[in-house]
Amino acid sequence: MLDLDVIRKDRAATAAALAKRLDAAEVERALSAIVALDVSRRDLVGRIADEQHKRKEAARAYAAAKRASSGEPLAPPADTKAVVAALEDELAKVESALHEEMSALPNLPADDVVAGGKESNRVLREWGTKPVLSTVVDHTTVAKEYGLVDFARGTKLGGAGYWMYTGYGARLEWALLNWFIDQHIAAGYTFLLPPHMLLESAGFAAGQFPKFRDDVYHIANPDSHRPQFLLPTSETAILGAHQDEIFAESDLPHRAFAYTPCYRRERAGAHSDERGTVRGHQFNKVEIFQFTTPEQAPEAFDSMVRQAESLLEGLGLHYRTSLLAAGDASASMRKTLDVEVWMPHVGGYKEVSSVSWAGDYQARRAAIRYRPAQGRTKFLHTLNGSALATSRILPAILEQHQQEDGSVVIPEVLRDRVGTDRLVRPKS
């Protein structure tokens, strides 16, 4: 969440930044409520301190008078426990309301992030060239006819929005994941395999709860009083694993990555550009993550974007990289670059990696700090990025590497793992 001191010191600048994401009236309402609650909280803290001071002074005076008395009975000091208890109860309510209001605020966009939605995203660069083919068969048709993905049996097993990789499709999927893993290990990231079921504290820490609580699958577990959900991305797990921890500054930047399936309640797309494996309720993804000092964060951000881009270059896939406008980026992130792969059949791009810099927003929610060589602990910065989501990489390979004879050339870096250099239609 945001630093309350930032709102106290420069409310106008905070409002201007939030207005890149929210309606101005909504920003004013939220900030007015927060400021009012903060004033009430500080007033109550002061009144409680005054009452406690008065109580101690009265006790001291009573003790002194008792020592100096000649034995005559003294009236005991008035009992102010009930007054203090009432004030503390009121303080707890105010702090709860303040925490709720602060938790609902999105992150402040970076200075170079503009207001607006998708229409305001800005393409920064492109790599490679768009493949030229007289007729491109869409990836869904290729996946079905070449025996790579069984959509019918996937639906039979899980319902709409699920699929099952088969044969060379399964081998290609697994080859992608293993190649990604090798590349991240070589880049100095520590490999993690986290639980898929997480406690709700992890969802809050990542900034997904409470606003996007309905977007995940919650676990019905009558034997537990601690609610769980299926992780929507391993970003949630990597961050959540370090809740309430303090890093030594010498241990930063700390780089980690994880492979997991991702489970999301988003509706499977019916449009032509979201068919097949492009959008579903379960898909595989490798996620990279860094914990850094504020000073290390810009370099870490650039390196993570390059890490994602290098994977597409290694696969020989044409892509572009775009800076997202505030309204199109996650509410938890101050800055996001999307790496988007070219999909020839629909003549458009699809995001395969979002690399995001949260600043200290997530660290405040998760209570993750670092200890400098000198001075008090500070909140660190967190950064995350998809590297990559395979459910969109496989379609891009099937279309961008499609040949005039209908075969699909396997990227060279994957051939040993897949066991063939090209995919062809099975003989009937």
# chains A, B, ... in the order shown; residues from 1 in each chain; ligands from 1

call {"tool": "residues_around", "arguments": {"residues": "Ile368 (chain A)", "least_positions_apart": "5", "cutoff": "12 Å", "atoms": "only C-alpha atoms", "output": "number ranges by chain"}}
result
A: 205-206, 239-248, 291-293, 360-363, 377-382

call {"tool": "write_last_selection", "arguments": {"atoms": "C-alpha atoms", "output": "compact mmCIF listing (two decimals), in the first residue's frame"}}
result
# COMPACT_ATOMS: atom_id res chain seq x y z
CA ALA A 205 0.46 -8.92 0.17
CA ALA A 206 0.59 -9.05 -3.63
CA LEU A 239 6.37 -12.53 -2.62
CA GLY A 240 4.24 -14.23 0.03
CA ALA A 241 7.06 -16.58 0.99
CA HIS A 242 8.99 -13.61 2.41
CA GLN A 243 6.20 -11.89 4.35
CA ASP A 244 7.37 -10.28 7.62
CA GLU A 245 11.05 -10.85 6.77
CA ILE A 246 14.06 -8.54 6.87
CA PHE A 247 16.79 -8.92 4.24
CA ALA A 248 20.35 -7.81 4.82
CA PHE A 291 13.73 -7.99 -4.25
CA THR A 292 15.94 -4.89 -4.39
CA THR A 293 16.87 -1.67 -2.67
CA ASP A 360 7.59 -0.42 -2.05
CA TYR A 361 3.81 -0.91 -2.51
CA GLN A 362 3.84 -4.71 -2.11
CA ALA A 363 6.60 -4.62 0.51
CA THR A 377 15.26 -0.91 8.39
CA LYS A 378 13.50 0.25 5.23
CA PHE A 379 10.90 -1.17 2.90
CA LEU A 380 12.50 -2.74 -0.16
CA HIS A 381 11.26 -2.73 -3.76
CA THR A 382 9.72 -5.70 -5.59

call {"tool": "closest_atom_pairs", "arguments": {"of": "region 296-389 of chain A", "to": "region 399-423 of chain A", "cutoff": "7 Å", "atoms": "only C-alpha atoms", "output": "CSV"}}
result
residue,atom,partner,partner_atom,distance
A:Leu315,CA,A:Pro411,CA,5.4
A:Gly316,CA,A:Pro411,CA,6.9
A:Leu317,CA,A:Gln400,CA,6.8
A:Met343,CA,A:Glu399,CA,6.8
A:Pro344,CA,A:Glu399,CA,6.2

call {"tool": "closest_residue", "arguments": {"among": "A:Glu119, A:Glu145, A:Glu266, A:Asp182", "to": "Leu311 (chain A)", "atoms": "only C-alpha atoms"}}
result
A:Asp182

call {"tool": "closest_residue", "arguments": {"among": "A:Lys144, A:Arg392, A:His218, A:Arg371", "to": "Val424 (chain A)", "atoms": "only C-alpha atoms"}}
result
A:Lys144

call {"tool": "select_by_dssp", "arguments": {"residues": "region 145-350 of chain A", "states": "helix (DSSP H, G or I)", "output": "number ranges by chain"}}
result
A: 145, 151-158, 167-186, 200-206, 213-215, 234-240, 249-251, 272-274, 297-314, 326-328

call {"tool": "atom_distance", "arguments": {"atom1": "CA of Ala237 (chain A)", "atom2": "CA of Leu172 (chain A)"}}
result
26.0 Å

call {"tool": "closest_residue", "arguments": {"among": "A:Arg41, A:Arg264, A:Lys20, A:His281", "to": "Thr155 (chain A)", "atoms": "only C-alpha atoms"}}
result
A:His281

call {"tool": "closest_residue", "arguments": {"among": "A:Ala160, A:Ala97, A:Ile238, A:Val346", "to": "Leu383 (chain A)", "atoms": "only C-alpha atoms"}}
result
A:Ile238

call {"tool": "closest_residue", "arguments": {"among": "A:Glu126, A:Arg8, A:Leu105, A:Gly375", "to": "Lys211 (chain A)", "atoms": "only C-alpha atoms"}}
result
A:Leu105

call {"tool": "closest_residue", "arguments": {"among": "A:Asp328, A:Glu287, A:Glu173, A:Asp138", "to": "Leu398 (chain A)", "atoms": "only C-alpha atoms"}}
result
A:Asp138

call {"tool": "residues_around", "arguments": {"residues": "Gly347 (chain A)", "least_positions_apart": "2", "cutoff": "12 Å", "atoms": "only C-alpha atoms", "output": "short mmCIF file (atom, residue, chain, number, x, y, z; two decimals) with C-alpha atoms, in the first residue's frame"}}
result
data_model
loop_
_atom_site.label_atom_id
_atom_site.label_comp_id
_atom_site.auth_asym_id
_atom_site.auth_seq_id
_atom_site.Cartn_x
_atom_site.Cartn_y
_atom_site.Cartn_z
CA LYS A 130 6.80 -10.39 -39.39
CA PRO A 131 6.90 -13.73 -41.23
CA VAL A 132 5.42 -13.72 -44.72
CA VAL A 136 -1.56 -18.85 -42.41
CA ASP A 138 -4.59 -20.58 -37.30
CA SER A 272 -10.81 -15.27 -32.82
CA ASP A 273 -7.72 -13.76 -31.16
CA VAL A 341 4.37 -11.58 -29.58
CA TRP A 342 3.06 -11.36 -33.16
CA MET A 343 0.12 -13.63 -34.02
CA PRO A 344 0.01 -13.83 -37.85
CA HIS A 345 -3.47 -15.32 -38.29
CA TYR A 349 0.02 -8.89 -30.97
CA LYS A 350 -0.60 -10.79 -27.73
CA ALA A 396 3.02 -18.07 -31.78
CA GLU A 399 1.90 -19.62 -36.66
CA GLN A 400 5.20 -17.72 -36.99
#

call {"tool": "residues_around", "arguments": {"residues": "Ala329 (chain A)", "least_positions_apart": "4", "cutoff": "12 Å", "atoms": "only C-alpha atoms", "output": "number ranges by chain"}}
result
A: 20-21, 106-110, 113-118, 120-121, 322-325, 333-338, 354-358

call {"tool": "decode", "arguments": {"residues": "region 234-280 of chain A", "atoms": "N, CA and C atoms", "output": "PDB file, in the first residue's frame"}}
result
ATOM      1  N   SER A 234       2.667 -17.283  -9.920  1.00  0.00           N
ATOM      2  CA  SER A 234       3.623 -17.585  -8.858  1.00  0.00           C
ATOM      3  C   SER A 234       4.258 -16.328  -8.275  1.00  0.00           C
ATOM      4  N   GLU A 235       4.010 -15.155  -8.884  1.00  0.00           N
ATOM      5  CA  GLU A 235       4.386 -13.891  -8.245  1.00  0.00           C
ATOM      6  C   GLU A 235       3.837 -13.844  -6.823  1.00  0.00           C
ATOM      7  N   THR A 236       2.581 -14.271  -6.671  1.00  0.00           N
ATOM      8  CA  THR A 236       1.921 -14.249  -5.365  1.00  0.00           C
ATOM      9  C   THR A 236       2.658 -15.117  -4.363  1.00  0.00           C
ATOM     10  N   ALA A 237       3.138 -16.277  -4.818  1.00  0.00           N
ATOM     11  CA  ALA A 237       3.830 -17.201  -3.920  1.00  0.00           C
ATOM     12  C   ALA A 237       5.235 -16.719  -3.570  1.00  0.00           C
ATOM     13  N   ILE A 238       5.975 -16.237  -4.561  1.00  0.00           N
ATOM     14  CA  ILE A 238       7.351 -15.798  -4.296  1.00  0.00           C
ATOM     15  C   ILE A 238       7.349 -14.635  -3.317  1.00  0.00           C
ATOM     16  N   LEU A 239       6.472 -13.663  -3.543  1.00  0.00           N
ATOM     17  CA  LEU A 239       6.367 -12.533  -2.621  1.00  0.00           C
ATOM     18  C   LEU A 239       5.900 -13.002  -1.251  1.00  0.00           C
ATOM     19  N   GLY A 240       4.820 -13.793  -1.234  1.00  0.00           N
ATOM     20  CA  GLY A 240       4.240 -14.226   0.032  1.00  0.00           C
ATOM     21  C   GLY A 240       5.180 -15.056   0.871  1.00  0.00           C
ATOM     22  N   ALA A 241       6.118 -15.749   0.239  1.00  0.00           N
ATOM     23  CA  ALA A 241       7.056 -16.581   0.989  1.00  0.00           C
ATOM     24  C   ALA A 241       7.944 -15.756   1.909  1.00  0.00           C
ATOM     25  N   HIS A 242       8.094 -14.462   1.618  1.00  0.00           N
ATOM     26  CA  HIS A 242       8.992 -13.612   2.409  1.00  0.00           C
ATOM     27  C   HIS A 242       8.246 -12.593   3.266  1.00  0.00           C
ATOM     28  N   GLN A 243       6.954 -12.804   3.495  1.00  0.00           N
ATOM     29  CA  GLN A 243       6.196 -11.893   4.352  1.00  0.00           C
ATOM     30  C   GLN A 243       6.856 -11.784   5.734  1.00  0.00           C
ATOM     31  N   ASP A 244       6.875 -10.548   6.260  1.00  0.00           N
ATOM     32  CA  ASP A 244       7.370 -10.281   7.617  1.00  0.00           C
ATOM     33  C   ASP A 244       8.855 -10.590   7.786  1.00  0.00           C
ATOM     34  N   GLU A 245       9.612 -10.564   6.692  1.00  0.00           N
ATOM     35  CA  GLU A 245      11.048 -10.852   6.772  1.00  0.00           C
ATOM     36  C   GLU A 245      11.870  -9.580   6.571  1.00  0.00           C
ATOM     37  N   ILE A 246      13.113  -9.642   7.046  1.00  0.00           N
ATOM     38  CA  ILE A 246      14.063  -8.541   6.870  1.00  0.00           C
ATOM     39  C   ILE A 246      15.295  -9.086   6.159  1.00  0.00           C
ATOM     40  N   PHE A 247      15.595  -8.543   4.980  1.00  0.00           N
ATOM     41  CA  PHE A 247      16.794  -8.917   4.239  1.00  0.00           C
ATOM     42  C   PHE A 247      17.972  -8.062   4.707  1.00  0.00           C
ATOM     43  N   ALA A 248      19.149  -8.624   4.677  1.00  0.00           N
ATOM     44  CA  ALA A 248      20.352  -7.812   4.818  1.00  0.00           C
ATOM     45  C   ALA A 248      20.588  -7.106   3.492  1.00  0.00           C
ATOM     46  N   GLU A 249      21.030  -5.853   3.534  1.00  0.00           N
ATOM     47  CA  GLU A 249      21.252  -5.115   2.290  1.00  0.00           C
ATOM     48  C   GLU A 249      22.258  -5.845   1.392  1.00  0.00           C
ATOM     49  N   SER A 250      23.216  -6.530   2.014  1.00  0.00           N
ATOM     50  CA  SER A 250      24.233  -7.252   1.243  1.00  0.00           C
ATOM     51  C   SER A 250      23.648  -8.425   0.469  1.00  0.00           C
ATOM     52  N   ASP A 251      22.435  -8.874   0.833  1.00  0.00           N
ATOM     53  CA  ASP A 251      21.783  -9.990   0.144  1.00  0.00           C
ATOM     54  C   ASP A 251      20.906  -9.530  -1.020  1.00  0.00           C
ATOM     55  N   LEU A 252      20.866  -8.227  -1.263  1.00  0.00           N
ATOM     56  CA  LEU A 252      20.048  -7.673  -2.343  1.00  0.00           C
ATOM     57  C   LEU A 252      20.928  -7.236  -3.510  1.00  0.00           C
ATOM     58  N   PRO A 253      20.461  -7.363  -4.745  1.00  0.00           N
ATOM     59  CA  PRO A 253      19.146  -7.886  -5.110  1.00  0.00           C
ATOM     60  C   PRO A 253      19.057  -9.394  -4.918  1.00  0.00           C
ATOM     61  N   HIS A 254      17.870  -9.847  -4.511  1.00  0.00           N
ATOM     62  CA  HIS A 254      17.592 -11.274  -4.377  1.00  0.00           C
ATOM     63  C   HIS A 254      16.717 -11.671  -5.559  1.00  0.00           C
ATOM     64  N   ARG A 255      17.217 -12.610  -6.378  1.00  0.00           N
ATOM     65  CA  ARG A 255      16.518 -13.022  -7.601  1.00  0.00           C
ATOM     66  C   ARG A 255      15.971 -14.428  -7.425  1.00  0.00           C
ATOM     67  N   ALA A 256      14.705 -14.608  -7.756  1.00  0.00           N
ATOM     68  CA  ALA A 256      14.080 -15.935  -7.675  1.00  0.00           C
ATOM     69  C   ALA A 256      13.129 -16.104  -8.845  1.00  0.00           C
ATOM     70  N   PHE A 257      12.877 -17.357  -9.216  1.00  0.00           N
ATOM     71  CA  PHE A 257      11.858 -17.623 -10.224  1.00  0.00           C
ATOM     72  C   PHE A 257      11.161 -18.926  -9.875  1.00  0.00           C
ATOM     73  N   ALA A 258       9.959 -19.079 -10.404  1.00  0.00           N
ATOM     74  CA  ALA A 258       9.168 -20.278 -10.112  1.00  0.00           C
ATOM     75  C   ALA A 258       8.402 -20.702 -11.347  1.00  0.00           C
ATOM     76  N   TYR A 259       8.223 -22.010 -11.454  1.00  0.00           N
ATOM     77  CA  TYR A 259       7.283 -22.550 -12.436  1.00  0.00           C
ATOM     78  C   TYR A 259       6.047 -23.024 -11.676  1.00  0.00           C
ATOM     79  N   THR A 260       4.871 -22.656 -12.159  1.00  0.00           N
ATOM     80  CA  THR A 260       3.613 -23.205 -11.651  1.00  0.00           C
ATOM     81  C   THR A 260       2.568 -23.134 -12.750  1.00  0.00           C
ATOM     82  N   PRO A 261       1.559 -23.981 -12.685  1.00  0.00           N
ATOM     83  CA  PRO A 261       0.333 -23.654 -13.408  1.00  0.00           C
ATOM     84  C   PRO A 261      -0.286 -22.417 -12.760  1.00  0.00           C
ATOM     85  N   CYS A 262      -1.062 -21.666 -13.510  1.00  0.00           N
ATOM     86  CA  CYS A 262      -1.769 -20.499 -12.988  1.00  0.00           C
ATOM     87  C   CYS A 262      -3.262 -20.755 -13.141  1.00  0.00           C
ATOM     88  N   TYR A 263      -4.017 -20.440 -12.104  1.00  0.00           N
ATOM     89  CA  TYR A 263      -5.454 -20.731 -12.091  1.00  0.00           C
ATOM     90  C   TYR A 263      -6.224 -19.419 -11.988  1.00  0.00           C
ATOM     91  N   ARG A 264      -7.060 -19.133 -12.980  1.00  0.00           N
ATOM     92  CA  ARG A 264      -7.789 -17.868 -12.999  1.00  0.00           C
ATOM     93  C   ARG A 264      -9.230 -18.083 -13.440  1.00  0.00           C
ATOM     94  N   ARG A 265     -10.116 -17.295 -12.856  1.00  0.00           N
ATOM     95  CA  ARG A 265     -11.538 -17.439 -13.150  1.00  0.00           C
ATOM     96  C   ARG A 265     -11.979 -16.598 -14.338  1.00  0.00           C
ATOM     97  N   GLU A 266     -11.017 -16.000 -15.058  1.00  0.00           N
ATOM     98  CA  GLU A 266     -11.397 -15.188 -16.208  1.00  0.00           C
ATOM     99  C   GLU A 266     -12.082 -16.046 -17.257  1.00  0.00           C
ATOM    100  N   ARG A 267     -13.043 -15.458 -17.949  1.00  0.00           N
ATOM    101  CA  ARG A 267     -13.808 -16.186 -18.943  1.00  0.00           C
ATOM    102  C   ARG A 267     -12.955 -16.460 -20.170  1.00  0.00           C
ATOM    103  N   ALA A 268     -12.987 -17.689 -20.631  1.00  0.00           N
ATOM    104  CA  ALA A 268     -12.244 -18.040 -21.839  1.00  0.00           C
ATOM    105  C   ALA A 268     -12.777 -17.237 -23.016  1.00  0.00           C
ATOM    106  N   GLY A 269     -11.868 -16.716 -23.819  1.00  0.00           N
ATOM    107  CA  GLY A 269     -12.263 -15.820 -24.893  1.00  0.00           C
ATOM    108  C   GLY A 269     -12.975 -16.535 -26.032  1.00  0.00           C
ATOM    109  N   ALA A 270     -14.014 -15.902 -26.569  1.00  0.00           N
ATOM    110  CA  ALA A 270     -14.737 -16.452 -27.722  1.00  0.00           C
ATOM    111  C   ALA A 270     -14.282 -15.788 -29.011  1.00  0.00           C
ATOM    112  N   HIS A 271     -13.538 -14.664 -28.882  1.00  0.00           N
ATOM    113  CA  HIS A 271     -13.071 -13.959 -30.073  1.00  0.00           C
ATOM    114  C   HIS A 271     -11.969 -14.759 -30.750  1.00  0.00           C
ATOM    115  N   SER A 272     -11.782 -14.499 -32.047  1.00  0.00           N
ATOM    116  CA  SER A 272     -10.807 -15.265 -32.816  1.00  0.00           C
ATOM    117  C   SER A 272      -9.395 -15.112 -32.286  1.00  0.00           C
ATOM    118  N   ASP A 273      -9.076 -13.962 -31.653  1.00  0.00           N
ATOM    119  CA  ASP A 273      -7.716 -13.764 -31.160  1.00  0.00           C
ATOM    120  C   ASP A 273      -7.516 -14.346 -29.764  1.00  0.00           C
ATOM    121  N   GLU A 274      -8.549 -14.989 -29.200  1.00  0.00           N
ATOM    122  CA  GLU A 274      -8.414 -15.599 -27.873  1.00  0.00           C
ATOM    123  C   GLU A 274      -8.851 -17.056 -27.881  1.00  0.00           C
ATOM    124  N   ARG A 275      -8.861 -17.672 -29.057  1.00  0.00           N
ATOM    125  CA  ARG A 275      -9.245 -19.072 -29.157  1.00  0.00           C
ATOM    126  C   ARG A 275      -8.073 -19.962 -28.782  1.00  0.00           C
ATOM    127  N   GLY A 276      -8.342 -21.261 -28.734  1.00  0.00           N
ATOM    128  CA  GLY A 276      -7.278 -22.224 -28.447  1.00  0.00           C
ATOM    129  C   GLY A 276      -6.746 -22.077 -27.039  1.00  0.00           C
ATOM    130  N   THR A 277      -5.419 -21.991 -26.925  1.00  0.00           N
ATOM    131  CA  THR A 277      -4.802 -21.903 -25.602  1.00  0.00           C
ATOM    132  C   THR A 277      -4.448 -20.469 -25.212  1.00  0.00           C
ATOM    133  N   VAL A 278      -4.901 -19.492 -25.996  1.00  0.00           N
ATOM    134  CA  VAL A 278      -4.521 -18.106 -25.728  1.00  0.00           C
ATOM    135  C   VAL A 278      -5.095 -17.618 -24.407  1.00  0.00           C
ATOM    136  N   ARG A 279      -6.304 -18.041 -24.066  1.00  0.00           N
ATOM    137  CA  ARG A 279      -6.896 -17.630 -22.787  1.00  0.00           C
ATOM    138  C   ARG A 279      -7.673 -18.798 -22.204  1.00  0.00           C
ATOM    139  N   GLY A 280      -7.406 -19.117 -20.949  1.00  0.00           N
ATOM    140  CA  GLY A 280      -8.101 -20.214 -20.282  1.00  0.00           C
ATOM    141  C   GLY A 280      -7.995 -20.088 -18.777  1.00  0.00           C
TER     142      GLY A 280
END
